[in-house]
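Asks: A single structure is presented below for examination.
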Amino acid sequence: MIKHLRSAADLDAATATLILDTAAEMAALAGREVKKLPTLRGRTVVNLFYEDSTRTRISFEAAAKRLSADVINFSAKGSSVSKGESLKDTALTLQAMGADAVVIRHSASGAPHRLASWVDGSVINAGDGTHEHPTQALLDAYTMRSRLGRLDGLKVAIVGDVLHSRVARSNVLLLSTLGASVTLVGPPTLIPVDIAAALEPATKVSYDLDSVLPEMDVVMMLRVQTERMQDSYFPSAREYSRRYGLDLARMRKLPEHAIVMHPGPMNRGMEITPEVADSSRSTIVEQVANGVSARMAVLYLLLGGKA
Amino acid sequence: MAWPRADTPSKIILAESDLHRVVDRIAHQILEKTSGATGTVLLGIPTRGVPLAQRLAARIHAFEGIDVPIGSLDITLYRDDLRLHATRALGKTELPGGGIDGRRVILVDDVLFSGRTVRAALDALNDVGRPSSVQLAVLIDRGHRQLPIRADYVGKNIPTALTESVRVSLTETDELDEVKLTGGDSGGHE
């Protein structure tokens, strides 16, 4: 088993499938009266969050607690970070406290890689800058597999702000490993040049959402990350949603079985309309529940055995 | 699980027909001891406890026409030796419809050795419901208990040395029905 989960590229097909299978067993726990397993008793998981997050932090916390690990939540706000402490010094503090795993979210791409060289425990990337968010890709793959029964041969469109999306990068890597074919869709300004070559050569790129929809099994809408945008990437929000937003009319172009995903948080009315987000094809709420199972699987597989 | 080397001496303890007779006997004993297996659930412990539980249920059905609910209970997440080995893949836990609350649960496993698997199974059961009682059926009891645990139904008691290992093969998982005892210095199979 791998020691860290810094990138979806850390996972080969066998390991990724093992995580998804383990997540399926963990999911059974949600239906039980006692939602707790003794597996990680005595282990400490630190949630090190330098960026705001609701679902990812709560999800990791719930996952660790359901496995009986002790959880320490650290958020940059209200910590010594606001006094100027560096990531390295914070890491050494955590190391001294004996953290068995550090779950890190950071605005700097690559922060988890640096962290892994400073601490003895496992490092799990919970989103670093515009780089990667591997556990999101795992829960997305898990959701696709449980809704559609397979991943191999699935056609997945990832639509919107690919440029700033760590979710998109991790999904391209993981889905390609598992045999799905990915098409990135968005305005040319929000799709990096040569992204296919940089990530996975088989990835397709399209600038026309309407032409792509009829052949897709999955369409994953991305949030337009205005907080990371210093330039104007499109003329107006209205124009963006006219061309790349998913509304009911566009959803009807999808095949009957296709599902609609969104990693959250959503800009309702921007990249997705409320009617689509709340429709029966949408897996948005399911993704949150599956996130806990997927993260339990990751924590178990990284921490469950001999260190 | 340490497979013995091909050149280590081995002895067949139960051949195919013996193994079938032993399963038949346990099925009869369950019927006898539970007054017709009413309110009873068979839970196999993966890997080989699961096909054994299925066989017991099939034999009970053949003898008395009773359908005993069967399921599986994976105990990996409750093991006390997780940190001594590389991470283990999980087995399946599938409880029969209606759950186990208020029912008599019979845990089924292939080999009873240290008793630690059964201890883990009791913990796991505690988290999935509250059975009225719990019993244990094993194909082989090889002794060397490390915990105060005994089986209610035993296919065969085999005195073993700690250095020996017992290998149960079932057609469902191993393509033949057989129980072998192999000597040597390799670790035991539990």
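In the structure tokens, each chain is lettered A, B, ... as it comes, each chain's residues begin at 1, and ligands are numbered from 1 in order of appearance.
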So that I can see what lies close to B:Tyr153, please list as a list in words the residues with an atom at most 7 Å from it, counting only C-alpha atoms and leaving out residues fewer than 2 positions away in the same chain.
Replies: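 Listing them by chain and then by number gives Ile26, Leu136, Ala137, Val138, Ala151 and Gly155 of chain B.
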Asks: Tell me the residues of chain B close to chain A, meaning within 9 Å using only C-alpha atoms, as a ChimeraX atom specification.
Replies: /B:76-93,124,127-129
Asks: From the set B:Asp152, B:Asp74, B:Asp110, B:Asp18, which residue has the shortest atom-to-atom contact distance to B:Thr34, counting only C-alpha atoms?
Replies: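 For B:Thr34, the nearest of the candidates is B:Asp152.
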Asks: Between atom CA of B:Ala15 and atom CA of B:Arg142, what is the spacing in Å?
Replies: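 Computing it gives 17.0 Å between the two atoms.
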Asks: Just the residues within 10 Å of A:Arg57, please, counting only C-alpha atoms, with nothing from its chain fewer than 3 positions along; format it as a list in words.
Replies: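 Selected residues are Asn47, Leu48, Phe49, Asp52, Ser53, Thr54, Phe60, Glu61, Ala62, Ala63, Asn73, Ser75, Val103, Ile104, Arg105 and Ala126 of chain A.
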Asks: Restricted to N, CA and C atoms, what would the selected residues look like written as a PDB file, in the first residue's frame?
Replies:
ATOM      1  N   ASN A  47      -6.295  17.469  10.871  1.00  0.00           N
ATOM      2  CA  ASN A  47      -6.846  18.179   9.720  1.00  0.00           C
ATOM      3  C   ASN A  47      -6.207  19.560   9.665  1.00  0.00           C
ATOM      4  N   LEU A  48      -5.321  19.757   8.704  1.00  0.00           N
ATOM      5  CA  LEU A  48      -4.555  21.001   8.624  1.00  0.00           C
ATOM      6  C   LEU A  48      -5.111  21.822   7.468  1.00  0.00           C
ATOM      7  N   PHE A  49      -5.978  22.777   7.796  1.00  0.00           N
ATOM      8  CA  PHE A  49      -6.697  23.486   6.734  1.00  0.00           C
ATOM      9  C   PHE A  49      -6.287  24.952   6.649  1.00  0.00           C
ATOM     10  N   ASP A  52     -10.472  27.791   3.397  1.00  0.00           N
ATOM     11  CA  ASP A  52     -11.820  27.505   3.868  1.00  0.00           C
ATOM     12  C   ASP A  52     -12.346  26.230   3.231  1.00  0.00           C
ATOM     13  N   SER A  53     -13.113  25.522   3.991  1.00  0.00           N
ATOM     14  CA  SER A  53     -13.715  24.302   3.476  1.00  0.00           C
ATOM     15  C   SER A  53     -14.856  23.910   4.394  1.00  0.00           C
ATOM     16  N   THR A  54     -15.962  23.479   3.818  1.00  0.00           N
ATOM     17  CA  THR A  54     -17.020  22.920   4.647  1.00  0.00           C
ATOM     18  C   THR A  54     -17.004  21.422   4.517  1.00  0.00           C
ATOM     19  N   PHE A  60     -13.688  14.547   6.249  1.00  0.00           N
ATOM     20  CA  PHE A  60     -12.505  13.885   6.810  1.00  0.00           C
ATOM     21  C   PHE A  60     -12.670  13.678   8.310  1.00  0.00           C
ATOM     22  N   GLU A  61     -13.263  14.650   8.976  1.00  0.00           N
ATOM     23  CA  GLU A  61     -13.445  14.523  10.419  1.00  0.00           C
ATOM     24  C   GLU A  61     -14.393  13.366  10.733  1.00  0.00           C
ATOM     25  N   ALA A  62     -15.516  13.313  10.010  1.00  0.00           N
ATOM     26  CA  ALA A  62     -16.473  12.218  10.227  1.00  0.00           C
ATOM     27  C   ALA A  62     -15.832  10.876   9.920  1.00  0.00           C
ATOM     28  N   ALA A  63     -15.057  10.820   8.835  1.00  0.00           N
ATOM     29  CA  ALA A  63     -14.423   9.550   8.443  1.00  0.00           C
ATOM     30  C   ALA A  63     -13.466   9.070   9.522  1.00  0.00           C
ATOM     31  N   ASN A  73      -8.356  19.307  14.778  1.00  0.00           N
ATOM     32  CA  ASN A  73      -8.650  20.239  13.697  1.00  0.00           C
ATOM     33  C   ASN A  73      -7.818  21.491  13.834  1.00  0.00           C
ATOM     34  N   SER A  75      -7.158  25.095  11.856  1.00  0.00           N
ATOM     35  CA  SER A  75      -7.419  25.970  10.723  1.00  0.00           C
ATOM     36  C   SER A  75      -6.534  27.204  10.872  1.00  0.00           C
ATOM     37  N   VAL A 103      -3.988  15.568   7.152  1.00  0.00           N
ATOM     38  CA  VAL A 103      -4.841  15.879   6.008  1.00  0.00           C
ATOM     39  C   VAL A 103      -4.651  17.362   5.741  1.00  0.00           C
ATOM     40  N   ILE A 104      -4.109  17.708   4.590  1.00  0.00           N
ATOM     41  CA  ILE A 104      -3.779  19.123   4.370  1.00  0.00           C
ATOM     42  C   ILE A 104      -4.533  19.726   3.197  1.00  0.00           C
ATOM     43  N   ARG A 105      -5.076  20.917   3.450  1.00  0.00           N
ATOM     44  CA  ARG A 105      -5.581  21.754   2.369  1.00  0.00           C
ATOM     45  C   ARG A 105      -4.798  23.048   2.401  1.00  0.00           C
ATOM     46  N   ALA A 126      -5.896  17.214   0.669  1.00  0.00           N
ATOM     47  CA  ALA A 126      -7.322  17.542   0.653  1.00  0.00           C
ATOM     48  C   ALA A 126      -7.572  18.770  -0.213  1.00  0.00           C
TER      49      ALA A 126
END
Asks: So which residues of stretch 61-195 of chain A fall under helix (DSSP H, G or I) by DSSP, listed as a ChimeraX atom specification?
Replies: /A:61-66,80-83,87-96,111-116,134-148,166-177,188-190,195
Asks: Need the shell around A:Gly129: protein/DNA/RNA residues with any atom at most 9 Å away, counting only C-alpha atoms. Skip same-chain ones fewer than 4 positions apart. Format as number ranges by chain?
Replies: A: 105-111, 164-166
